[in-house]
Amino acid sequence: MKVAVVGGGGREHAIIKKLRENPRITQLYALPGNGGIGCDAECVPVKATDLDGIEEFVRTHGIEFVVVAPDDPLVMGLVDRLNGIGVPCFGPDAKAAIIEGSKAFSKQLMKKYNIPTARYEIFTDAEQALEYLHSEQAHFPIVLKADGLALGKGVLICQNLAEACEGVRTIMQDKAFGSAGNQMVVEEFLQGPEVSVLAFTDGETLVPMVSSMDHKRALDNDQGLNTGGMGTVAPNPYYTEQAAKTCMETIFLPTIRAMKAEGRPFRGCLYFGLMLTAEGPKVIEYNCRFGDPETQVVLPLLKSDLFEIMLAVSEGRLSSVPVKFSTDSAACVVVASGGYPKKYATGCAISGLDENGRLPKKQVQVYHAGTRREDGGFVTAGGRVLGVTATAPTLEQALQLAYDGAGSVQFEGAYKRTDIGRRALAALAD
């Protein structure tokens, strides 16, 4: 089969490496891919948001299956377009992708179907939002969320009234996140360990993957700006068997049943961002696709065939295929460009990688997030450049291998957090 993966980051590289394990795939394309992905798939210079260009490529190259990985093309309706020309896809259609495309929609869905989440208010007018923040109903810290897609950066945690008022200006008046800030959700600040759980679902059956713990802040000790993710570990030690059982009963199954009841059956990967509060697990956010960099630790632990699972999801027969995970641990350390998530340089030569973009003689996987080929080697082409992932029987061993591998990669301005997995190790020690 000829298969195409839409996207060009570390998440897509992890998906592609896993898809390569299936012997039925004779040709694998990435649109647009990146320098490192080019070692594992044929890259095509078509942007993930160029729906016309993607449809044209799929038509003219006889593509038989498409994996749509990023949120933008899913929300824009790429799956609808490709299904319309008879090409099956892994990923939700636009009606289902709204669960991430509009935070207001997802909050209202949870309220309607009694799915536990933070208390919230929705505003389309900045003055009304400011009025609410000045009222007795608002308690600090408080969370402001741009309604639409904002590259994972449209969430502001405000410690006091002054910060919250500034946040309203940033989101709704200055439009720092573009049209995503036309509507805004203001919600209570939840406390407790955070957990990410990705799940395969065909709209009827739901199979959770191994849990993970993301590290969003740019600097050690969760300091600095929010990023797309500086590293992650799996499984998440806070996510106990009892927590998993509760989440399945009160969040996971109720969510897919709610989407079906709304005439928006969800087929693909549904991401649950959870907070394990003193009152029980609550939903912080939904994503309509694999998380990044959670995918880089979850998929290496998948023992079953990813392509067969994706086919089963698209055909509504997920219950008929095995989905098994290793009992090992995995750790991913992101090597980023200096200055990320703000301004950073690109075009910096990367040393330490072989001609295939890998680390020779290291027990790690290297996922390319922001690289391009140049003069026979690799140079930086993004904020998050590489994700170095290791699996091992224990988390401590996986972290040691991942950090050893990440330390072998060098480029001007390279930086990484030095405390990925520290909280998880502390939890395991308790």
# chains A, B, ... in the order shown; residues from 1 in each chain; ligands from 1

call {"tool": "residues_around", "arguments": {"residues": "region 14-18 of chain A", "least_positions_apart": "4", "cutoff": "8 Å", "atoms": "only C-alpha atoms", "output": "compact mmCIF listing (two decimals) with C-alpha atoms, in the first residue's frame"}}
result
# COMPACT_ATOMS: atom_id res chain seq x y z
CA VAL A 5 1.57 11.04 6.61
CA GLY A 10 8.82 14.95 15.84
CA ASN A 22 4.51 -2.96 8.58
CA LEU A 28 5.68 5.98 2.55
CA ILE A 37 12.05 12.30 8.24
CA ASP A 40 12.53 7.18 6.63
CA ALA A 41 9.98 8.44 4.07
CA THR A 295 3.85 10.33 20.86
CA GLN A 296 7.65 10.02 21.04
CA LEU A 299 4.63 4.70 20.29
CA PRO A 300 8.05 3.18 21.13
CA ASP A 305 1.24 -3.02 14.63
CA LEU A 306 0.35 0.67 14.37
CA TYR A 367 13.06 11.95 16.21

call {"tool": "residues_around", "arguments": {"residues": "Cys247 (chain A)", "least_positions_apart": "2", "cutoff": "12 Å", "atoms": "only C-alpha atoms", "output": "VMD selection string"}}
result
chain A and resid 115 to 117 195 to 197 199 208 211 239 to 245 249 to 255 272 to 276 280 to 283

call {"tool": "closest_residue", "arguments": {"among": "A:Ala4, A:Gly9, A:Pro265, A:Arg417", "to": "Asp220 (chain A)", "atoms": "only C-alpha atoms"}}
result
A:Arg417

call {"tool": "select_by_dssp", "arguments": {"residues": "region 36-235 of chain A", "states": "alpha helix (DSSP H)", "output": "ChimeraX atom specification"}}
result
/A:51-60,71-76,78-84,94-101,103-112,126-133,161-168

call {"tool": "select_by_dssp", "arguments": {"residues": "region 246-361 of chain A", "states": "strand (DSSP E or B)", "output": "PyMOL selection string"}}
result
chain A and resi 268-277+280-287+302+325+329-336+349-351

call {"tool": "atom_distance", "arguments": {"atom1": "CA of Leu31 (chain A)", "atom2": "CA of Tyr271 (chain A)"}}
result
22.5 Å

call {"tool": "atom_distance", "arguments": {"atom1": "CA of Gly192 (chain A)", "atom2": "CA of Ala406 (chain A)"}}
result
29.7 Å

call {"tool": "atom_distance", "arguments": {"atom1": "CA of Pro141 (chain A)", "atom2": "CA of Ile171 (chain A)"}}
result
17.2 Å

call {"tool": "closest_residue", "arguments": {"among": "A:Leu359, A:Ala402, A:Met76, A:Leu225", "to": "Tyr340 (chain A)", "atoms": "only C-alpha atoms"}}
result
A:Leu225

call {"tool": "closest_residue", "arguments": {"among": "A:Lys112, A:Arg317, A:Arg59, A:His368", "to": "Val207 (chain A)", "atoms": "only C-alpha atoms"}}
result
A:Arg317

call {"tool": "residues_around", "arguments": {"residues": "region 362-365 of chain A", "least_positions_apart": "2", "cutoff": "8 Å", "atoms": "only C-alpha atoms", "output": "PDB file with N, CA, C and O atoms, in the first residue's frame"}}
result
ATOM      1  N   ARG A 358      20.722   9.610  12.702  1.00  0.00           N
ATOM      2  CA  ARG A 358      20.647   8.841  13.944  1.00  0.00           C
ATOM      3  C   ARG A 358      21.924   9.027  14.761  1.00  0.00           C
ATOM      4  O   ARG A 358      22.910   9.573  14.274  1.00  0.00           O
ATOM      5  N   LEU A 359      21.880   8.535  15.978  1.00  0.00           N
ATOM      6  CA  LEU A 359      23.063   8.560  16.836  1.00  0.00           C
ATOM      7  C   LEU A 359      23.728   7.187  16.783  1.00  0.00           C
ATOM      8  O   LEU A 359      23.158   6.200  17.267  1.00  0.00           O
ATOM      9  N   PRO A 360      24.891   7.094  16.162  1.00  0.00           N
ATOM     10  CA  PRO A 360      25.547   5.790  16.057  1.00  0.00           C
ATOM     11  C   PRO A 360      25.931   5.250  17.430  1.00  0.00           C
ATOM     12  O   PRO A 360      26.356   5.979  18.316  1.00  0.00           O
ATOM     13  N   TYR A 367      14.193  11.460  16.997  1.00  0.00           N
ATOM     14  CA  TYR A 367      13.061  11.955  16.212  1.00  0.00           C
ATOM     15  C   TYR A 367      13.350  13.403  15.823  1.00  0.00           C
ATOM     16  O   TYR A 367      13.591  14.259  16.684  1.00  0.00           O
ATOM     17  N   VAL A 388      15.162  13.016  21.649  1.00  0.00           N
ATOM     18  CA  VAL A 388      15.963  11.801  21.834  1.00  0.00           C
ATOM     19  C   VAL A 388      15.239  10.907  22.838  1.00  0.00           C
ATOM     20  O   VAL A 388      15.058  11.286  23.996  1.00  0.00           O
ATOM     21  N   THR A 389      14.831   9.722  22.376  1.00  0.00           N
ATOM     22  CA  THR A 389      13.993   8.832  23.181  1.00  0.00           C
ATOM     23  C   THR A 389      14.691   7.514  23.451  1.00  0.00           C
ATOM     24  O   THR A 389      15.310   6.937  22.558  1.00  0.00           O
ATOM     25  N   ALA A 390      14.578   7.046  24.675  1.00  0.00           N
ATOM     26  CA  ALA A 390      15.102   5.734  25.051  1.00  0.00           C
ATOM     27  C   ALA A 390      14.034   4.952  25.797  1.00  0.00           C
ATOM     28  O   ALA A 390      13.210   5.533  26.506  1.00  0.00           O
ATOM     29  N   THR A 391      14.045   3.642  25.620  1.00  0.00           N
ATOM     30  CA  THR A 391      13.181   2.752  26.400  1.00  0.00           C
ATOM     31  C   THR A 391      14.077   1.815  27.202  1.00  0.00           C
ATOM     32  O   THR A 391      15.171   1.445  26.760  1.00  0.00           O
ATOM     33  N   LEU A 401      19.795   6.879  29.510  1.00  0.00           N
ATOM     34  CA  LEU A 401      20.108   6.645  28.099  1.00  0.00           C
ATOM     35  C   LEU A 401      19.713   7.835  27.240  1.00  0.00           C
ATOM     36  O   LEU A 401      20.460   8.248  26.342  1.00  0.00           O
ATOM     37  N   ALA A 402      18.520   8.406  27.503  1.00  0.00           N
ATOM     38  CA  ALA A 402      18.045   9.544  26.713  1.00  0.00           C
ATOM     39  C   ALA A 402      18.959  10.752  26.891  1.00  0.00           C
ATOM     40  O   ALA A 402      19.304  11.438  25.919  1.00  0.00           O
ATOM     41  N   GLY A 405      22.238  10.200  25.131  1.00  0.00           N
ATOM     42  CA  GLY A 405      22.083  10.430  23.695  1.00  0.00           C
ATOM     43  C   GLY A 405      21.960  11.906  23.347  1.00  0.00           C
ATOM     44  O   GLY A 405      22.598  12.405  22.416  1.00  0.00           O
TER      45      GLY A 405
END

call {"tool": "closest_residue", "arguments": {"among": "A:Arg11, A:Glu315, A:Ile25, A:Glu412", "to": "Asn83 (chain A)", "atoms": "only C-alpha atoms"}}
result
A:Glu315

call {"tool": "closest_residue", "arguments": {"among": "A:Thr26, A:Asn34, A:Ser314, A:Asn236", "to": "Val66 (chain A)", "atoms": "only C-alpha atoms"}}
result
A:Ser314

call {"tool": "closest_residue", "arguments": {"among": "A:Arg257, A:Lys361, A:Arg24, A:Arg289", "to": "Glu308 (chain A)", "atoms": "only C-alpha atoms"}}
result
A:Arg24
